[in-house]
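A.B. asks: The structure that follows is given in the form of structure tokens.
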Amino acid sequence: MEPGLLDLASVGWSIALKLGLLVGFFLTAPLVAGYMEHKVLAHQQDRLGPMEAGIGPIKHGVGQLVADGAKFIQKEDIVPAAADKWVFSLAPGVALVPGLVVMLVLPLGPGLFGENLNAGVFFALAVSSVSVLGVLMAAWSSANKFSLMGGIRAAAQLIAYELPLVLGAAAVVLQAGTLSLVGIIDAQATFRVFDIVPMWFVLPHAVGFLLFFVAALAELNRPPFDMPIADSEIIFGHMTEYTGIKYAFFMLAEYAGMVVLSAIATVLFLGGWYALPGVTVPELINGVVGVFGFGPYGFHPVVTGLLGFGVTMGKVLALVFVMIWFRATFPRLREDQLQRMSWLILIPLGLLNIVVIAIAKVFG
Amino acid sequence: MTDTLSERDTGVLPGGPGEGVIVNVRDGGDIVTQDMNLNIGPQHPATHGVLRVVIDLDGEKISRATPVIGYMHRGFEKLAEARDYRQIIALVNRHDWLSAFNNELGVCMSVETMMEMEVPDRAQWIRVIMCEWNRILNHLMFVGSFGLELGAITPLFFAFREREDVQHLMESATGGRLHFAYNRVGGVKEDLPAGFLQASTKMIKVIRQGTTQYRDLLFGNEIFMARTKGVGVLPPDVAMEFGVTGPTLQATGVAEDSRVSQPYAKYGELDVPVPVGTNGDSYDRFVMLLERIDASTYIIDQALEGITAGACNVKLPKIVKAPEGEIYTRTEAPLGQLGYYLVSDGKKNPWRLKMRTPSFYNVSMMSYLLQDALLSDMIAILGSVFFVVGDVDR
């Protein structure tokens, strides 16, 4: 397997580098998503959102989440008397860590990934659904009826929505012929619709993309599928009894989940780091300046990697934006309506999608 | 164990001993399940204040629901017996804080009728205009909060945008944003400020744009429809048995409105549209709010045409005393029929002031509507029967 940019000659150093970057990304990306949620939601609702907290001279609330984090650390850490203390304390960690682990295999730029696993898709989907275990632990150990109801809803939701998520991804795997996330991006670069038009998988897999995105929303407990934490019904679901830094962990897990699942969707359907179908950023730049008679320029692999990272993040944040937009627009579905939608619409649709893709793949 | 639990089922009183434990054992073949007793409130985000609903849950299904009221009892009826009639105006502002002006009006009308007082025409017109603006304020609040309870956060902010403007308008005349205290026995406190009528005309346009926007936002929304249509269906006969009035009753198809059936102020001279629903479900109740906002703007339009110049209050004796006797005055408050039963023994304080507040009757019907509903539907139902907890407990 082709080594990534982060694979240095010394194994020890490359692990240190990977871990450093991973943790850095893990701690900043959710903050960006969270800040986006603050501001996008505010402007969609005729509000300004946070305006004061800033970093240095830059205001507009960019430091709001950092300030929130500092506030959460200072808050009293309350564990209910009747709670199962160990499980209660472990739950936020269990909810948080899978997000971190999934980021290990996410290819964010050419050569920019922790590990290029052969079974990357499988690994990412399997690990990301572990976080619901944290939700269940929190719900059960809180000794609170509202938490328990939230946990039961979350469990039911997981069972119903894991399947459409996997079905949507499976069709892509079938098309690309590989489970490796990097392999899927490469497959999209050479993919042609009817052997002519270069295109990402999002067009032939429109149904799969829709399934994946809807299921991701449900898996993340984002509106309109936020029944497990429905604040007007069951207070705050599994998070009802949490305070301080543990609560902050859950919030961080939510935003990390948004980034992770958006990133997986970007890799599977939106061509990853390619600026246009089959065209990387350096190729695009050389193409444009070539029209004016300049270039072609050579790009250092690190620069290429960073440019690709920028493109990936642009796509990820666009998906995050859509998630936030949904929150501003839709009321919450009811639990039984959600189940009906999953089992009667999404899953049959997902199976049909796989059949159609398989036939197209074999005969097309 | 089963024995004690089933005993509980027969004898558990909300708030009493044994409450909060698991009740009612169900034998569903292989699996024996137990109902869960759950307290919604008095501190809960969905109950608009401190209403408490004790429910027994079979999974997500409510097998029994009991509203428990009294957490905001402030003794208004008793307080009124120790206040003179000017002070009572400030008092009744506060039992339903979202319809302050309509509340004042009822008390003033009671005293005026007992004293056989002629209220000047201009005062009557001003009362109509203010009543309707207050009604719009109230309904906008519920339009916003209903969306919020269903998980749509945006309508609330849009509704509050318009509410803010209407509050500015009412503040310019009354000096208050929530508690107006603008009515007086015999008229209103003072004449409208210059430019109020023009500002009202402009404001009507803004409100109409706003309601169009809420309709766009919610009625084209599949999820909103799925959550509200056919949920919490209230038949008209049940509604009337419980004494439910206002938009909640109109949604069931009964065109009852005190402004039409027993006109007061200048309503007799105006065309008052009474919207009615067809199914009496949550959706219809919500539609009623928007229709009633439209009706109110239509009434204000007419009142702005009809308003006459002249005095807007009468000279009162130093101490206002209602003559001995009793009277029941009913008006159409935003949430339904508001009645004041005033008994006077000729002194400066009422001997008894009984309030018939619409929210109380809306809440009393809750057990009926919540029976066999889902927990999620409970929110759609609570949000759409329109009550203010202060108005329930008084």
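Each chain in the structure tokens gets a letter, A, B, ..., in the order shown, and its residues are numbered from 1; ligands are numbered from 1 in order too.
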Run DSSP on the backbone and grab whatever in region 25-105 of chain A lands in helix (DSSP H, G or I); send it over as a PyMOL selection string.
C.D. replies: chain A and resi 25-44+64-74+85-103
A.B. asks: Please check the contacts: residues of chain B at most 10 Å away from chain A, using only C-alpha atoms, listed as a short mmCIF file (atom, residue, chain, number, x, y, z; two decimals) with N, CA, C and O atoms, in the first residue's frame.
C.D. replies:
```
data_model
loop_
_atom_site.label_atom_id
_atom_site.label_comp_id
_atom_site.auth_asym_id
_atom_site.auth_seq_id
_atom_site.Cartn_x
_atom_site.Cartn_y
_atom_site.Cartn_z
N MET B 36 -44.95 2.90 33.76
CA MET B 36 -44.04 3.80 34.48
C MET B 36 -44.80 5.07 34.82
O MET B 36 -45.47 5.65 33.98
N ASN B 37 -44.67 5.45 36.07
CA ASN B 37 -45.33 6.69 36.49
C ASN B 37 -44.34 7.83 36.31
O ASN B 37 -43.22 7.77 36.78
N LEU B 38 -44.76 8.84 35.59
CA LEU B 38 -43.82 9.90 35.24
C LEU B 38 -44.45 11.26 35.52
O LEU B 38 -45.61 11.51 35.20
N ASN B 39 -43.66 12.10 36.13
CA ASN B 39 -44.08 13.46 36.39
C ASN B 39 -43.63 14.36 35.27
O ASN B 39 -42.43 14.52 35.05
N ILE B 40 -44.56 14.95 34.55
CA ILE B 40 -44.17 15.99 33.60
C ILE B 40 -44.45 17.30 34.32
O ILE B 40 -45.59 17.64 34.56
N GLN B 43 -41.77 21.62 36.76
CA GLN B 43 -40.72 22.30 36.00
C GLN B 43 -40.39 21.46 34.79
O GLN B 43 -39.66 20.48 34.89
N HIS B 44 -40.94 21.80 33.66
CA HIS B 44 -40.69 21.04 32.45
C HIS B 44 -40.80 21.98 31.28
O HIS B 44 -41.68 22.82 31.24
N PRO B 45 -39.90 21.85 30.31
CA PRO B 45 -39.89 22.83 29.22
C PRO B 45 -41.17 22.89 28.40
O PRO B 45 -41.39 23.89 27.71
N ALA B 46 -42.00 21.87 28.45
CA ALA B 46 -43.15 21.86 27.55
C ALA B 46 -44.42 22.40 28.17
O ALA B 46 -45.45 22.46 27.53
N THR B 47 -44.39 22.77 29.44
CA THR B 47 -45.67 23.08 30.07
C THR B 47 -45.91 24.56 30.28
O THR B 47 -46.80 24.93 31.03
N GLY B 59 -44.79 1.97 27.87
CA GLY B 59 -43.86 2.27 26.78
C GLY B 59 -43.91 3.75 26.50
O GLY B 59 -43.61 4.54 27.37
N GLU B 60 -44.31 4.11 25.28
CA GLU B 60 -44.44 5.54 24.96
C GLU B 60 -45.90 5.97 25.03
O GLU B 60 -46.22 7.12 24.76
N GLY B 147 -44.65 25.70 17.56
CA GLY B 147 -43.58 25.20 16.70
C GLY B 147 -42.41 24.71 17.53
O GLY B 147 -41.86 23.65 17.29
N LEU B 148 -42.07 25.47 18.53
CA LEU B 148 -40.93 25.13 19.37
C LEU B 148 -41.12 23.78 20.04
O LEU B 148 -40.20 22.98 20.15
N GLU B 149 -42.36 23.54 20.49
CA GLU B 149 -42.60 22.28 21.18
C GLU B 149 -42.50 21.09 20.22
O GLU B 149 -42.14 20.00 20.63
N LEU B 150 -42.83 21.33 18.98
CA LEU B 150 -42.69 20.24 18.00
C LEU B 150 -41.25 20.10 17.54
O LEU B 150 -40.94 19.27 16.70
N GLY B 151 -40.37 20.98 18.02
CA GLY B 151 -38.97 20.86 17.64
C GLY B 151 -38.56 21.82 16.54
O GLY B 151 -37.41 21.82 16.12
N ALA B 152 -39.49 22.63 16.03
CA ALA B 152 -39.13 23.64 15.03
C ALA B 152 -38.83 24.93 15.78
O ALA B 152 -39.73 25.53 16.36
N ILE B 153 -37.56 25.33 15.79
CA ILE B 153 -37.22 26.46 16.64
C ILE B 153 -37.41 27.80 15.95
O ILE B 153 -37.53 28.82 16.59
N THR B 154 -37.47 27.80 14.63
CA THR B 154 -37.50 29.07 13.91
C THR B 154 -38.79 29.87 14.09
O THR B 154 -38.71 31.09 14.26
N PRO B 155 -39.99 29.25 14.05
CA PRO B 155 -41.20 30.06 14.15
C PRO B 155 -41.22 30.97 15.39
O PRO B 155 -41.75 32.07 15.34
N LEU B 156 -40.64 30.50 16.47
CA LEU B 156 -40.64 31.29 17.70
C LEU B 156 -39.96 32.63 17.47
O LEU B 156 -40.46 33.68 17.86
N PHE B 157 -38.82 32.58 16.82
CA PHE B 157 -38.07 33.83 16.62
C PHE B 157 -38.81 34.75 15.66
O PHE B 157 -38.81 35.96 15.84
N PHE B 158 -39.44 34.15 14.65
CA PHE B 158 -40.20 34.97 13.72
C PHE B 158 -41.39 35.59 14.43
O PHE B 158 -41.69 36.77 14.24
N ARG B 161 -40.43 38.46 16.60
CA ARG B 161 -40.09 39.65 15.82
C ARG B 161 -41.33 40.53 15.67
O ARG B 161 -41.29 41.73 15.94
N LEU B 217 -43.83 28.55 6.27
CA LEU B 217 -42.84 27.80 7.03
C LEU B 217 -43.39 26.48 7.53
O LEU B 217 -42.70 25.48 7.57
N LEU B 218 -44.65 26.46 7.93
CA LEU B 218 -45.18 25.27 8.60
C LEU B 218 -46.14 24.44 7.74
O LEU B 218 -46.10 23.23 7.77
N ASN B 221 -44.88 21.92 5.30
CA ASN B 221 -43.89 21.07 5.96
C ASN B 221 -44.50 19.71 6.27
O ASN B 221 -45.37 19.59 7.12
N GLU B 222 -44.01 18.69 5.59
CA GLU B 222 -44.58 17.35 5.76
C GLU B 222 -44.56 16.90 7.21
O GLU B 222 -45.50 16.30 7.71
N ILE B 223 -43.44 17.19 7.87
CA ILE B 223 -43.30 16.70 9.24
C ILE B 223 -44.30 17.40 10.15
O ILE B 223 -44.93 16.78 11.01
N PHE B 224 -44.47 18.70 9.94
CA PHE B 224 -45.45 19.43 10.77
C PHE B 224 -46.84 18.83 10.61
O PHE B 224 -47.56 18.62 11.57
N MET B 225 -47.20 18.53 9.36
CA MET B 225 -48.51 17.93 9.10
C MET B 225 -48.63 16.58 9.80
O MET B 225 -49.62 16.27 10.44
N ALA B 226 -47.57 15.76 9.64
CA ALA B 226 -47.61 14.42 10.22
C ALA B 226 -47.72 14.48 11.74
O ALA B 226 -48.34 13.62 12.36
N ARG B 227 -47.12 15.50 12.34
CA ARG B 227 -47.15 15.58 13.79
C ARG B 227 -48.46 16.12 14.34
O ARG B 227 -48.80 15.89 15.50
N LEU B 374 -49.57 9.20 22.53
CA LEU B 374 -48.15 8.91 22.69
C LEU B 374 -47.50 10.06 23.44
O LEU B 374 -48.00 11.19 23.44
N LEU B 375 -46.36 9.76 24.06
CA LEU B 375 -45.67 10.80 24.82
C LEU B 375 -45.33 11.99 23.93
O LEU B 375 -45.47 13.15 24.32
N SER B 376 -44.89 11.70 22.70
CA SER B 376 -44.55 12.79 21.78
C SER B 376 -45.79 13.60 21.42
O SER B 376 -45.74 14.81 21.26
N ASP B 377 -46.93 12.90 21.29
CA ASP B 377 -48.16 13.61 20.95
C ASP B 377 -48.62 14.48 22.11
O ASP B 377 -49.30 15.48 21.91
N MET B 378 -48.27 14.07 23.31
CA MET B 378 -48.65 14.88 24.47
C MET B 378 -48.18 16.31 24.29
O MET B 378 -48.88 17.26 24.62
N ILE B 379 -46.98 16.46 23.72
CA ILE B 379 -46.43 17.79 23.53
C ILE B 379 -47.24 18.55 22.49
O ILE B 379 -47.55 19.72 22.66
N ALA B 380 -47.59 17.83 21.41
CA ALA B 380 -48.39 18.48 20.37
C ALA B 380 -49.75 18.87 20.92
O ALA B 380 -50.35 19.85 20.48
#
```
A.B. asks: Which one is closest to Leu21 (chain A): A:Ala154, A:Leu6, A:His238, A:Phe299? Count only C-alpha atoms.
C.D. replies: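 The closest residue to Leu21 (chain A) is A:Leu6.
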A.B. asks: Could you work out how far CA of Trp343 (chain A) lies from CA of Gly237 (chain A), giving the answer in Å with one decimal?
C.D. replies: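 Here the two named atoms are 23.6 Å from each other.
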A.B. asks: Extract, using only C-alpha atoms, all DNA, RNA and protein residues at most 12 Å from Leu98 (chain B), discarding same-chain residues fewer than 6 positions from it, and format them as a list in words.
C.D. replies: His48, Val92, Cys131, Trp133, Asn134, Arg135, Ile136, Leu137, Asn138, His139, Leu140, Met141, Phe142, Arg163, Gln167, Arg177, Leu178, His179, Phe180, Ala333, Pro334, Leu335, Ser359, Phe386, Phe387, Val388, Val389, Gly390 and Asp391 of chain B
A.B. asks: In Å, how far is it from CA of Leu353 (chain B) to CA of Leu91 (chain B)?
C.D. replies: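 Calculated distance between CA of Leu353 (chain B) and CA of Leu91 (chain B) is 11.7 Å.
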A.B. asks: Please give the complete set of residues from region 151-383 of chain B that DSSP, run on the backbone, assigns to strand (DSSP E), formatted as a list of chain:residue names.
C.D. replies: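 Selection result, strand (DSSP E) within region 151-383 of chain B: B:Asn183, B:Arg184, B:Gly187, B:Val188, B:Gly325, B:Glu326, B:Ile327, B:Tyr328, B:Thr329, B:Arg330, B:Thr331, B:Glu332, B:Ala333, B:Gly336, B:Gln337, B:Leu338, B:Gly339, B:Tyr340, B:Tyr341, B:Leu342, B:Val343, B:Ser344, B:Arg352, B:Leu353, B:Lys354, B:Met355, B:Arg356.
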A.B. asks: What separation in Å, quoted to one decimal, exists between CA of Ala33 (chain A) and CA of Ser342 (chain A)?
C.D. replies: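 Atom-to-atom, CA of Ala33 (chain A) to CA of Ser342 (chain A), that is 26.9 Å.
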A.B. asks: So which one's closest to Glu116 (chain B), B:Pro263, B:Val185, B:Gln209, B:Ser200? Using only C-alpha atoms, please.
C.D. replies: B:Val185
A.B. asks: Could you check the closest approach to Lys354 (chain B) for each of B:Ile319, B:Ala373, B:Ala80, B:Met117 and tell me which residue wins, using only C-alpha atoms?
C.D. replies: B:Ala80
A.B. asks: Which one is closest to Glu283 (chain A): A:Leu268, A:Leu307, A:Met36, A:Val87? Count only C-alpha atoms.
C.D. replies: A:Leu307
A.B. asks: In terms of the shortest atom-to-atom distance over only C-alpha atoms, which of B:Met170, B:Leu316, B:Ile327, B:Val254 is closest to Pro235 (chain B)?
C.D. replies: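 Of B:Met170, B:Leu316, B:Ile327, B:Val254, the one nearest Pro235 (chain B) is B:Val254, counting only C-alpha atoms.
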A.B. asks: Mind checking which residues fall within 8 Å of Pro164 (chain A), counting only C-alpha atoms, ignoring those fewer than 3 positions away in the same chain, and posting them as a PDB file with all heavy atoms, in the first residue's frame?
C.D. replies:
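Wrote selection31.pdb, looks like this:
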```
ATOM      1  N   ALA A 160     -32.806   0.981  13.663  1.00  0.00           N
ATOM      2  CA  ALA A 160     -33.538   1.306  12.441  1.00  0.00           C
ATOM      3  C   ALA A 160     -32.656   1.997  11.421  1.00  0.00           C
ATOM      4  O   ALA A 160     -32.836   1.827  10.226  1.00  0.00           O
ATOM      5  CB  ALA A 160     -34.737   2.177  12.788  1.00  0.00           C
ATOM      6  N   TYR A 161     -31.681   2.779  11.868  1.00  0.00           N
ATOM      7  CA  TYR A 161     -30.972   3.637  10.918  1.00  0.00           C
ATOM      8  C   TYR A 161     -29.568   3.191  10.554  1.00  0.00           C
ATOM      9  O   TYR A 161     -28.980   3.733   9.633  1.00  0.00           O
ATOM     10  CB  TYR A 161     -30.996   5.080  11.408  1.00  0.00           C
ATOM     11  CG  TYR A 161     -32.291   5.699  10.987  1.00  0.00           C
ATOM     12  CD1 TYR A 161     -33.435   5.516  11.731  1.00  0.00           C
ATOM     13  CD2 TYR A 161     -32.373   6.376   9.778  1.00  0.00           C
ATOM     14  CE1 TYR A 161     -34.636   6.005  11.298  1.00  0.00           C
ATOM     15  CE2 TYR A 161     -33.569   6.873   9.341  1.00  0.00           C
ATOM     16  CZ  TYR A 161     -34.695   6.690  10.101  1.00  0.00           C
ATOM     17  OH  TYR A 161     -35.882   7.166   9.655  1.00  0.00           O
ATOM     18  N   LEU A 167     -26.432   0.336   3.864  1.00  0.00           N
ATOM     19  CA  LEU A 167     -26.875   0.031   2.503  1.00  0.00           C
ATOM     20  C   LEU A 167     -26.426   1.108   1.526  1.00  0.00           C
ATOM     21  O   LEU A 167     -25.993   0.823   0.415  1.00  0.00           O
ATOM     22  CB  LEU A 167     -28.400  -0.108   2.462  1.00  0.00           C
ATOM     23  CG  LEU A 167     -28.957  -1.381   3.102  1.00  0.00           C
ATOM     24  CD1 LEU A 167     -30.470  -1.348   3.094  1.00  0.00           C
ATOM     25  CD2 LEU A 167     -28.445  -2.606   2.390  1.00  0.00           C
ATOM     26  N   GLY A 168     -26.533   2.371   1.963  1.00  0.00           N
ATOM     27  CA  GLY A 168     -26.090   3.480   1.116  1.00  0.00           C
ATOM     28  C   GLY A 168     -24.606   3.359   0.814  1.00  0.00           C
ATOM     29  O   GLY A 168     -24.167   3.546  -0.327  1.00  0.00           O
ATOM     30  N   LEU A 211     -30.079   8.348   1.250  1.00  0.00           N
ATOM     31  CA  LEU A 211     -30.229   7.382   2.344  1.00  0.00           C
ATOM     32  C   LEU A 211     -29.153   7.607   3.391  1.00  0.00           C
ATOM     33  O   LEU A 211     -29.423   7.673   4.593  1.00  0.00           O
ATOM     34  CB  LEU A 211     -30.080   5.949   1.812  1.00  0.00           C
ATOM     35  CG  LEU A 211     -31.224   5.376   1.004  1.00  0.00           C
ATOM     36  CD1 LEU A 211     -30.821   4.023   0.458  1.00  0.00           C
ATOM     37  CD2 LEU A 211     -32.437   5.242   1.896  1.00  0.00           C
ATOM     38  N   PHE A 212     -27.930   7.730   2.914  1.00  0.00           N
ATOM     39  CA  PHE A 212     -26.806   7.871   3.828  1.00  0.00           C
ATOM     40  C   PHE A 212     -26.961   9.132   4.662  1.00  0.00           C
ATOM     41  O   PHE A 212     -26.774   9.127   5.879  1.00  0.00           O
ATOM     42  CB  PHE A 212     -25.493   7.918   3.027  1.00  0.00           C
ATOM     43  CG  PHE A 212     -24.267   7.838   3.877  1.00  0.00           C
ATOM     44  CD1 PHE A 212     -23.715   6.610   4.195  1.00  0.00           C
ATOM     45  CD2 PHE A 212     -23.676   8.980   4.363  1.00  0.00           C
ATOM     46  CE1 PHE A 212     -22.589   6.521   4.992  1.00  0.00           C
ATOM     47  CE2 PHE A 212     -22.550   8.905   5.160  1.00  0.00           C
ATOM     48  CZ  PHE A 212     -22.005   7.672   5.470  1.00  0.00           C
ATOM     49  N   ALA A 215     -29.915   8.847   7.148  1.00  0.00           N
ATOM     50  CA  ALA A 215     -29.564   7.918   8.221  1.00  0.00           C
ATOM     51  C   ALA A 215     -28.503   8.524   9.135  1.00  0.00           C
ATOM     52  O   ALA A 215     -28.529   8.328  10.349  1.00  0.00           O
ATOM     53  CB  ALA A 215     -29.070   6.608   7.635  1.00  0.00           C
ATOM     54  N   SER A 342     -38.095   4.410   8.280  1.00  0.00           N
ATOM     55  CA  SER A 342     -36.890   3.624   8.061  1.00  0.00           C
ATOM     56  C   SER A 342     -37.204   2.261   7.462  1.00  0.00           C
ATOM     57  O   SER A 342     -36.661   1.893   6.436  1.00  0.00           O
ATOM     58  CB  SER A 342     -36.153   3.440   9.383  1.00  0.00           C
ATOM     59  OG  SER A 342     -35.109   2.520   9.210  1.00  0.00           O
ATOM     60  N   LEU A 346     -36.939   3.638   3.647  1.00  0.00           N
ATOM     61  CA  LEU A 346     -35.503   3.764   3.415  1.00  0.00           C
ATOM     62  C   LEU A 346     -34.834   2.425   3.143  1.00  0.00           C
ATOM     63  O   LEU A 346     -34.034   2.302   2.217  1.00  0.00           O
ATOM     64  CB  LEU A 346     -34.839   4.442   4.616  1.00  0.00           C
ATOM     65  CG  LEU A 346     -35.262   5.883   4.881  1.00  0.00           C
ATOM     66  CD1 LEU A 346     -34.439   6.473   6.011  1.00  0.00           C
ATOM     67  CD2 LEU A 346     -35.105   6.734   3.637  1.00  0.00           C
ATOM     68  N   ILE A 347     -35.158   1.405   3.932  1.00  0.00           N
ATOM     69  CA  ILE A 347     -34.467   0.127   3.771  1.00  0.00           C
ATOM     70  C   ILE A 347     -34.836  -0.559   2.447  1.00  0.00           C
ATOM     71  O   ILE A 347     -33.936  -0.972   1.701  1.00  0.00           O
ATOM     72  CB  ILE A 347     -34.712  -0.787   4.999  1.00  0.00           C
ATOM     73  CG1 ILE A 347     -33.988  -0.160   6.190  1.00  0.00           C
ATOM     74  CG2 ILE A 347     -34.200  -2.195   4.745  1.00  0.00           C
ATOM     75  CD1 ILE A 347     -34.217  -0.846   7.497  1.00  0.00           C
ATOM     76  N   GLY A 350     -33.017   1.239  -0.158  1.00  0.00           N
ATOM     77  CA  GLY A 350     -31.594   0.944  -0.120  1.00  0.00           C
ATOM     78  C   GLY A 350     -31.288  -0.378  -0.819  1.00  0.00           C
ATOM     79  O   GLY A 350     -30.331  -0.488  -1.586  1.00  0.00           O
TER      80      GLY A 350
END
```
